[in-house]
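Asks: Dropping in run27.pdb, with PDB, C-alpha atoms and all ligand atoms.
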MODEL        1
ATOM      1  CA  MET A 440      73.965  19.752 -25.452  1.00  0.00           C
ATOM      2  CA  SER A 441      71.279  21.821 -27.107  1.00  0.00           C
ATOM      3  CA  LEU A 442      67.622  22.573 -26.537  1.00  0.00           C
ATOM      4  CA  ARG A 443      65.231  20.983 -29.010  1.00  0.00           C
ATOM      5  CA  ASN A 444      62.054  22.464 -30.397  1.00  0.00           C
ATOM      6  CA  ILE A 445      58.921  20.917 -28.830  1.00  0.00           C
ATOM      7  CA  LEU A 446      56.191  20.069 -31.345  1.00  0.00           C
ATOM      8  CA  ILE A 447      52.742  21.439 -30.566  1.00  0.00           C
ATOM      9  CA  HIS A 448      49.575  19.406 -31.159  1.00  0.00           C
ATOM     10  CA  PRO A 449      48.141  18.924 -33.765  1.00  0.00           C
ATOM     11  CA  ASP A 450      51.141  17.498 -35.603  1.00  0.00           C
ATOM     12  CA  PRO A 451      51.170  14.198 -37.552  1.00  0.00           C
ATOM     13  CA  ARG A 452      54.447  13.206 -35.854  1.00  0.00           C
ATOM     14  CA  LEU A 453      52.633  13.127 -32.482  1.00  0.00           C
ATOM     15  CA  LYS A 454      50.205  10.506 -33.849  1.00  0.00           C
ATOM     16  CA  LYS A 455      52.781   7.957 -35.036  1.00  0.00           C
ATOM     17  CA  THR A 456      53.822   4.665 -33.483  1.00  0.00           C
ATOM     18  CA  CYS A 457      57.546   5.043 -32.804  1.00  0.00           C
ATOM     19  CA  ASP A 458      60.235   2.529 -33.759  1.00  0.00           C
ATOM     20  CA  PRO A 459      62.256   0.579 -31.186  1.00  0.00           C
ATOM     21  CA  VAL A 460      65.824   1.765 -30.624  1.00  0.00           C
ATOM     22  CA  ALA A 461      68.168  -0.941 -31.968  1.00  0.00           C
ATOM     23  CA  ARG A 462      71.100  -0.041 -29.707  1.00  0.00           C
ATOM     24  CA  ILE A 463      72.530   2.791 -27.651  1.00  0.00           C
ATOM     25  CA  THR A 464      74.597   5.001 -29.962  1.00  0.00           C
ATOM     26  CA  PRO A 465      76.234   8.410 -29.413  1.00  0.00           C
ATOM     27  CA  GLU A 466      73.243   9.901 -31.279  1.00  0.00           C
ATOM     28  CA  ILE A 467      70.842   8.364 -28.752  1.00  0.00           C
ATOM     29  CA  GLU A 468      72.981   9.634 -25.855  1.00  0.00           C
ATOM     30  CA  THR A 469      72.961  13.142 -27.337  1.00  0.00           C
ATOM     31  CA  LEU A 470      69.212  12.974 -27.945  1.00  0.00           C
ATOM     32  CA  ALA A 471      68.592  11.924 -24.318  1.00  0.00           C
ATOM     33  CA  ALA A 472      70.808  14.730 -22.957  1.00  0.00           C
ATOM     34  CA  ASP A 473      69.097  17.289 -25.206  1.00  0.00           C
ATOM     35  CA  MET A 474      65.650  16.036 -24.196  1.00  0.00           C
ATOM     36  CA  LEU A 475      66.463  16.265 -20.474  1.00  0.00           C
ATOM     37  CA  ALA A 476      67.754  19.818 -20.907  1.00  0.00           C
ATOM     38  CA  THR A 477      64.660  20.713 -22.957  1.00  0.00           C
ATOM     39  CA  MET A 478      62.348  19.161 -20.335  1.00  0.00           C
ATOM     40  CA  TYR A 479      63.980  20.965 -17.383  1.00  0.00           C
ATOM     41  CA  GLU A 480      63.991  24.242 -19.294  1.00  0.00           C
ATOM     42  CA  ALA A 481      60.294  24.016 -20.264  1.00  0.00           C
ATOM     43  CA  PRO A 482      59.786  23.157 -17.319  1.00  0.00           C
ATOM     44  CA  GLY A 483      58.109  19.763 -17.379  1.00  0.00           C
ATOM     45  CA  VAL A 484      58.280  16.366 -15.663  1.00  0.00           C
ATOM     46  CA  GLY A 485      58.434  14.210 -18.802  1.00  0.00           C
ATOM     47  CA  LEU A 486      59.264  14.430 -22.499  1.00  0.00           C
ATOM     48  CA  ALA A 487      59.029  11.769 -25.208  1.00  0.00           C
ATOM     49  CA  ALA A 488      61.176  11.618 -28.364  1.00  0.00           C
ATOM     50  CA  PRO A 489      58.265  12.185 -30.811  1.00  0.00           C
ATOM     51  CA  GLN A 490      57.627  15.513 -29.042  1.00  0.00           C
ATOM     52  CA  VAL A 491      60.952  16.697 -30.442  1.00  0.00           C
ATOM     53  CA  GLY A 492      60.233  15.107 -33.831  1.00  0.00           C
ATOM     54  CA  VAL A 493      62.243  11.900 -33.349  1.00  0.00           C
ATOM     55  CA  LEU A 494      60.077   8.813 -33.910  1.00  0.00           C
ATOM     56  CA  SER A 495      62.045   6.483 -31.613  1.00  0.00           C
ATOM     57  CA  ARG A 496      60.907   4.709 -28.452  1.00  0.00           C
ATOM     58  CA  LEU A 497      62.622   6.815 -25.825  1.00  0.00           C
ATOM     59  CA  PHE A 498      61.488   9.237 -23.135  1.00  0.00           C
ATOM     60  CA  VAL A 499      62.942  11.159 -20.216  1.00  0.00           C
ATOM     61  CA  MET A 500      61.301  12.032 -16.914  1.00  0.00           C
ATOM     62  CA  ASP A 501      61.941  13.539 -13.516  1.00  0.00           C
ATOM     63  CA  CYS A 502      58.862  13.907 -11.321  1.00  0.00           C
ATOM     64  CA  ASN A 503      60.782  15.186  -8.325  1.00  0.00           C
ATOM     65  CA  LYS A 504      59.380  18.624  -7.547  1.00  0.00           C
ATOM     66  CA  ASP A 505      61.240  19.285  -4.301  1.00  0.00           C
ATOM     67  CA  PRO A 506      63.915  21.907  -5.088  1.00  0.00           C
ATOM     68  CA  GLU A 507      65.865  20.744  -2.009  1.00  0.00           C
ATOM     69  CA  VAL A 508      66.331  17.290  -3.555  1.00  0.00           C
ATOM     70  CA  GLU A 509      68.893  16.437  -6.220  1.00  0.00           C
ATOM     71  CA  PRO A 510      67.429  16.001  -9.730  1.00  0.00           C
ATOM     72  CA  GLN A 511      66.433  12.387 -10.454  1.00  0.00           C
ATOM     73  CA  PRO A 512      66.563  12.187 -14.265  1.00  0.00           C
ATOM     74  CA  LEU A 513      65.468   8.915 -15.834  1.00  0.00           C
ATOM     75  CA  VAL A 514      66.074   7.994 -19.475  1.00  0.00           C
ATOM     76  CA  MET A 515      63.977   5.065 -20.673  1.00  0.00           C
ATOM     77  CA  VAL A 516      64.689   3.416 -24.017  1.00  0.00           C
ATOM     78  CA  ASN A 517      62.202   0.867 -25.409  1.00  0.00           C
ATOM     79  CA  PRO A 518      60.069   1.081 -22.223  1.00  0.00           C
ATOM     80  CA  ARG A 519      57.423  -1.558 -21.633  1.00  0.00           C
ATOM     81  CA  ILE A 520      54.792  -1.826 -18.911  1.00  0.00           C
ATOM     82  CA  THR A 521      55.055  -5.360 -17.534  1.00  0.00           C
ATOM     83  CA  TRP A 522      52.482  -4.993 -14.740  1.00  0.00           C
ATOM     84  CA  SER A 523      49.696  -2.543 -13.838  1.00  0.00           C
ATOM     85  CA  SER A 524      47.861  -2.338 -10.515  1.00  0.00           C
ATOM     86  CA  GLU A 525      44.115  -2.835 -10.328  1.00  0.00           C
ATOM     87  CA  GLY A 526      43.933   0.271  -8.168  1.00  0.00           C
ATOM     88  CA  LEU A 527      43.423   3.466 -10.143  1.00  0.00           C
ATOM     89  CA  ASN A 528      44.538   7.032  -9.652  1.00  0.00           C
ATOM     90  CA  SER A 529      43.340  10.294 -11.196  1.00  0.00           C
ATOM     91  CA  TYR A 530      45.647  13.175 -12.007  1.00  0.00           C
ATOM     92  CA  GLU A 531      45.138  16.524 -13.647  1.00  0.00           C
ATOM     93  CA  GLU A 532      47.478  15.863 -16.606  1.00  0.00           C
ATOM     94  CA  GLY A 533      49.100  18.330 -18.918  1.00  0.00           C
ATOM     95  CA  CYS A 534      51.586  17.978 -21.768  1.00  0.00           C
ATOM     96  CA  LEU A 535      54.401  20.131 -23.136  1.00  0.00           C
ATOM     97  CA  SER A 536      52.913  19.572 -26.621  1.00  0.00           C
ATOM     98  CA  ILE A 537      49.530  20.894 -25.432  1.00  0.00           C
ATOM     99  CA  PRO A 538      50.566  23.950 -23.382  1.00  0.00           C
ATOM    100  CA  ASP A 539      48.306  25.280 -20.626  1.00  0.00           C
ATOM    101  CA  GLN A 540      45.586  22.668 -21.178  1.00  0.00           C
ATOM    102  CA  TYR A 541      44.724  20.097 -18.524  1.00  0.00           C
ATOM    103  CA  GLY A 542      42.433  17.141 -18.089  1.00  0.00           C
ATOM    104  CA  GLU A 543      41.663  14.709 -15.298  1.00  0.00           C
ATOM    105  CA  ILE A 544      42.814  11.266 -16.475  1.00  0.00           C
ATOM    106  CA  THR A 545      42.352   7.975 -14.630  1.00  0.00           C
ATOM    107  CA  ARG A 546      45.080   5.347 -14.980  1.00  0.00           C
ATOM    108  CA  PRO A 547      46.472   2.407 -12.977  1.00  0.00           C
ATOM    109  CA  ALA A 548      47.951   3.808  -9.759  1.00  0.00           C
ATOM    110  CA  GLU A 549      51.096   1.646  -9.931  1.00  0.00           C
ATOM    111  CA  VAL A 550      53.025   0.178 -12.836  1.00  0.00           C
ATOM    112  CA  ARG A 551      56.155  -1.881 -13.310  1.00  0.00           C
ATOM    113  CA  VAL A 552      58.253  -0.726 -16.258  1.00  0.00           C
ATOM    114  CA  GLU A 553      61.080  -2.530 -18.012  1.00  0.00           C
ATOM    115  CA  TRP A 554      63.431  -0.485 -20.165  1.00  0.00           C
ATOM    116  CA  LEU A 555      66.846  -0.309 -21.727  1.00  0.00           C
ATOM    117  CA  GLY A 556      69.145   2.183 -20.024  1.00  0.00           C
ATOM    118  CA  LEU A 557      71.846   4.310 -21.615  1.00  0.00           C
ATOM    119  CA  ASP A 558      74.228   1.832 -19.937  1.00  0.00           C
ATOM    120  CA  GLY A 559      72.938  -0.782 -22.408  1.00  0.00           C
ATOM    121  CA  LYS A 560      71.421  -2.828 -19.566  1.00  0.00           C
ATOM    122  CA  THR A 561      67.803  -3.825 -18.950  1.00  0.00           C
ATOM    123  CA  HIS A 562      66.248  -2.135 -15.928  1.00  0.00           C
ATOM    124  CA  GLN A 563      62.993  -2.770 -14.123  1.00  0.00           C
ATOM    125  CA  ARG A 564      61.269  -0.662 -11.505  1.00  0.00           C
ATOM    126  CA  GLU A 565      57.889  -0.077  -9.946  1.00  0.00           C
ATOM    127  CA  PHE A 566      56.428   3.420  -9.886  1.00  0.00           C
ATOM    128  CA  ASP A 567      53.541   5.002  -8.038  1.00  0.00           C
ATOM    129  CA  GLY A 568      52.072   8.487  -7.624  1.00  0.00           C
ATOM    130  CA  LEU A 569      52.998  11.068 -10.231  1.00  0.00           C
ATOM    131  CA  TRP A 570      55.882   8.851 -11.455  1.00  0.00           C
ATOM    132  CA  ALA A 571      53.430   6.097 -12.465  1.00  0.00           C
ATOM    133  CA  THR A 572      51.116   8.563 -14.210  1.00  0.00           C
ATOM    134  CA  CYS A 573      54.012  10.214 -16.022  1.00  0.00           C
ATOM    135  CA  ALA A 574      55.540   6.909 -17.195  1.00  0.00           C
ATOM    136  CA  GLN A 575      52.171   5.845 -18.670  1.00  0.00           C
ATOM    137  CA  HIS A 576      51.624   9.264 -20.280  1.00  0.00           C
ATOM    138  CA  GLU A 577      55.094   9.148 -21.891  1.00  0.00           C
ATOM    139  CA  ILE A 578      54.758   5.547 -23.105  1.00  0.00           C
ATOM    140  CA  ASP A 579      51.433   6.576 -24.689  1.00  0.00           C
ATOM    141  CA  HIS A 580      53.371   9.224 -26.676  1.00  0.00           C
ATOM    142  CA  LEU A 581      55.503   6.428 -28.182  1.00  0.00           C
ATOM    143  CA  ASP A 582      52.283   4.866 -29.491  1.00  0.00           C
ATOM    144  CA  GLY A 583      50.970   8.128 -30.916  1.00  0.00           C
ATOM    145  CA  LYS A 584      48.535   8.667 -28.066  1.00  0.00           C
ATOM    146  CA  LEU A 585      47.963  11.958 -26.236  1.00  0.00           C
ATOM    147  CA  PHE A 586      46.236  12.529 -22.891  1.00  0.00           C
ATOM    148  CA  ILE A 587      43.416  14.364 -24.680  1.00  0.00           C
ATOM    149  CA  ASP A 588      42.553  11.085 -26.438  1.00  0.00           C
ATOM    150  CA  TYR A 589      41.082   9.989 -23.082  1.00  0.00           C
ATOM    151  CA  LEU A 590      38.786  13.024 -22.909  1.00  0.00           C
ATOM    152  CA  SER A 591      35.335  13.380 -24.478  1.00  0.00           C
ATOM    153  CA  PRO A 592      35.369  14.218 -28.225  1.00  0.00           C
ATOM    154  CA  LEU A 593      33.892  17.630 -27.428  1.00  0.00           C
ATOM    155  CA  LYS A 594      36.615  18.537 -24.911  1.00  0.00           C
ATOM    156  CA  ARG A 595      39.317  17.158 -27.228  1.00  0.00           C
ATOM    157  CA  GLN A 596      38.057  19.243 -30.157  1.00  0.00           C
ATOM    158  CA  MET A 597      37.900  22.342 -27.972  1.00  0.00           C
ATOM    159  CA  ILE A 598      41.539  21.897 -26.884  1.00  0.00           C
ATOM    160  CA  THR A 599      42.663  21.086 -30.440  1.00  0.00           C
ATOM    161  CA  ARG A 600      41.018  24.268 -31.754  1.00  0.00           C
ATOM    162  CA  ARG A 601      42.870  26.295 -29.098  1.00  0.00           C
ATOM    163  CA  MET A 602      46.155  24.716 -30.169  1.00  0.00           C
ATOM    164  CA  VAL A 603      45.512  25.422 -33.868  1.00  0.00           C
ATOM    165  CA  LYS A 604      44.883  29.043 -32.946  1.00  0.00           C
ATOM    166  CA  LEU A 605      48.023  29.155 -30.774  1.00  0.00           C
ATOM    167  CA  LYS A 606      50.143  27.772 -33.615  1.00  0.00           C
ATOM    168  CA  ARG A 607      48.670  30.272 -36.076  1.00  0.00           C
ATOM    169  CA  GLU A 608      49.482  33.132 -33.692  1.00  0.00           C
ATOM    170  CA  LYS A 609      53.019  31.831 -33.193  1.00  0.00           C
ATOM    171  CA  ALA A 610      53.542  31.486 -36.968  1.00  0.00           C
ATOM    172  CA  ALA A 611      52.324  35.041 -37.468  1.00  0.00           C
ATOM    173  CA  GLY A 612      54.899  36.198 -34.881  1.00  0.00           C
TER
HETATM  174 NI    NI B   1      52.953  14.689 -22.989  1.00  0.00          NI
ENDMDL
END
Using structure tokens, write down the structure that the file contains.

Replies:
Amino acid sequence: MSLRNILIHPDPRLKKTCDPVARITPEIETLAADMLATMYEAPGVGLAAPQVGVLSRLFVMDCNKDPEVEPQPLVMVNPRITWSSEGLNSYEEGCLSIPDQYGEITRPAEVRVEWLGLDGKTHQREFDGLWATCAQHEIDHLDGKLFIDYLSPLKRQMITRRMVKLKREKAAG
């Protein structure tokens, strides 16, 4: 298991529609394990494959924040939202590819997601609260969409400029 480098916005790989995963291979299992380790280390509650430069439909998440509770890692391959509630919920969202920037985003409060597990079986589950928000945020990543795409153009440009500056500073060392 190894930590992967998280891409920082703006990066063309974060704007791409990702390809479905044909089947669970050892490479996919390794990718999922690496992504979970990278997410926990960051720390974050979700991480999608394009964020580590792999344009495949896969993400990991664990929205449990109670340190007393066992980790609840979820790996979702080819995830699909099959139902969304009419009720909405707003969360102050952030993203590991857009560090230290946040925006209030409104999304369906509950969703049902169908996905392929690492066990090769189809799973289905309903999520609410932060889990529902996170699942939608991560599935957006697989379609090249970032949370800042929901913000006003002005706010999005402001955040993007900050990220360009951050990347320039990082490159300069
Ligand atoms: Ni994100």

Asks: Residues within 10 Å of ligand NI 1 (chain B), counting all atoms listed in the file: report them as a list in words.

Replies: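 For ligand NI 1 (chain B), the residues inside 10 Å are Leu453, Gly483, Val484, Gly485, Leu486, Ala487, Pro489, Gln490, Glu532, Gly533, Cys534, Leu535, Ser536, Ile537, Pro538, Cys573, Gln575, His576, Glu577, Ile578, Asp579, His580, Lys584, Leu585, Phe586 and Ile587 of chain A.
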
Asks: Okay, now the selection with C-alpha atoms, as a short mmCIF file (atom, residue, chain, number, x, y, z; two decimals), keeping the file's coordinate frame?

Replies:
data_model
loop_
_atom_site.label_atom_id
_atom_site.label_comp_id
_atom_site.auth_asym_id
_atom_site.auth_seq_id
_atom_site.Cartn_x
_atom_site.Cartn_y
_atom_site.Cartn_z
CA LEU A 453 52.63 13.13 -32.48
CA GLY A 483 58.11 19.76 -17.38
CA VAL A 484 58.28 16.37 -15.66
CA GLY A 485 58.43 14.21 -18.80
CA LEU A 486 59.26 14.43 -22.50
CA ALA A 487 59.03 11.77 -25.21
CA PRO A 489 58.26 12.18 -30.81
CA GLN A 490 57.63 15.51 -29.04
CA GLU A 532 47.48 15.86 -16.61
CA GLY A 533 49.10 18.33 -18.92
CA CYS A 534 51.59 17.98 -21.77
CA LEU A 535 54.40 20.13 -23.14
CA SER A 536 52.91 19.57 -26.62
CA ILE A 537 49.53 20.89 -25.43
CA PRO A 538 50.57 23.95 -23.38
CA CYS A 573 54.01 10.21 -16.02
CA GLN A 575 52.17 5.84 -18.67
CA HIS A 576 51.62 9.26 -20.28
CA GLU A 577 55.09 9.15 -21.89
CA ILE A 578 54.76 5.55 -23.10
CA ASP A 579 51.43 6.58 -24.69
CA HIS A 580 53.37 9.22 -26.68
CA LYS A 584 48.54 8.67 -28.07
CA LEU A 585 47.96 11.96 -26.24
CA PHE A 586 46.24 12.53 -22.89
CA ILE A 587 43.42 14.36 -24.68
#

Asks: Rounded to one decimal in Å, what is the spacing between CA of Leu470 (chain A) and CA of Ala610 (chain A)?

Replies: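 Taking CA of Leu470 (chain A) as the start and CA of Ala610 (chain A) as the end point, the length is 25.9 Å.
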
Asks: I'd like the interatomic distance between CA of Thr477 (chain A) and CA of Leu442 (chain A), to a tenth of an Å.

Replies: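 Atom-to-atom, CA of Thr477 (chain A) to CA of Leu442 (chain A), that is 5.0 Å.
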
Asks: Which distance in Å separates CA of Leu590 (chain A) and CA of Arg443 (chain A), to one decimal?

Replies: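 If I compute the distance from CA of Leu590 (chain A) to CA of Arg443 (chain A), I get 28.3 Å.
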
Asks: Name the closest residue to Tyr530 (chain A) among the candidates A:Ala571, A:Leu446, A:Leu605, A:Leu593; distances are taken between atoms, counting only C-alpha atoms.

Replies: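 When distances to Tyr530 (chain A) are compared using only C-alpha atoms, the smallest one comes from A:Ala571.
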
Asks: For the file shown, report as a PyMOL selection string the outcome of the PyMOL selection byres (((chain A and resi 556) around 12) and not hetatm) at residue level.

Replies: chain A and resi 460+462-464+467-468+471+497-499+512-518+552-555+557-564

Asks: Any chance you could resolve the PyMOL selection byres (((chain A and resi 567) around 12) and not hetatm) against this file and give the residues as a PyMOL selection string?

Replies: chain A and resi 502+523-524+526-529+546-552+564-566+568-575

Asks: Measuring atom to atom with all atoms listed in the file, identify which of A:Thr469, A:Gln540, A:Pro482, A:Lys454 is nearest to Met440 (chain A).

Replies: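 Distance minimum relative to Met440 (chain A) lands on A:Thr469.
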
Asks: Could you tell me which of A:Asp582, A:Asp458, A:Asp539, A:Asp501 comes closest to Met474 (chain A) if we count only C-alpha atoms?

Replies: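 Of all the options, A:Asp501 lies closest to Met474 (chain A).
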
Asks: Using only C-alpha atoms, which residue out of A:Leu494, A:Lys504, A:Ser441, A:Ile447 lies closest to Arg601 (chain A)?

Replies: A:Ile447

Asks: Would you pick out the contacts of Tyr589 (chain A) at 10 Å or less, using only C-alpha atoms, so that residues sharing its chain but fewer than 5 positions from it are not included, and give the list as a PyMOL selection string?

Replies: chain A and resi 542-545+584+594-595
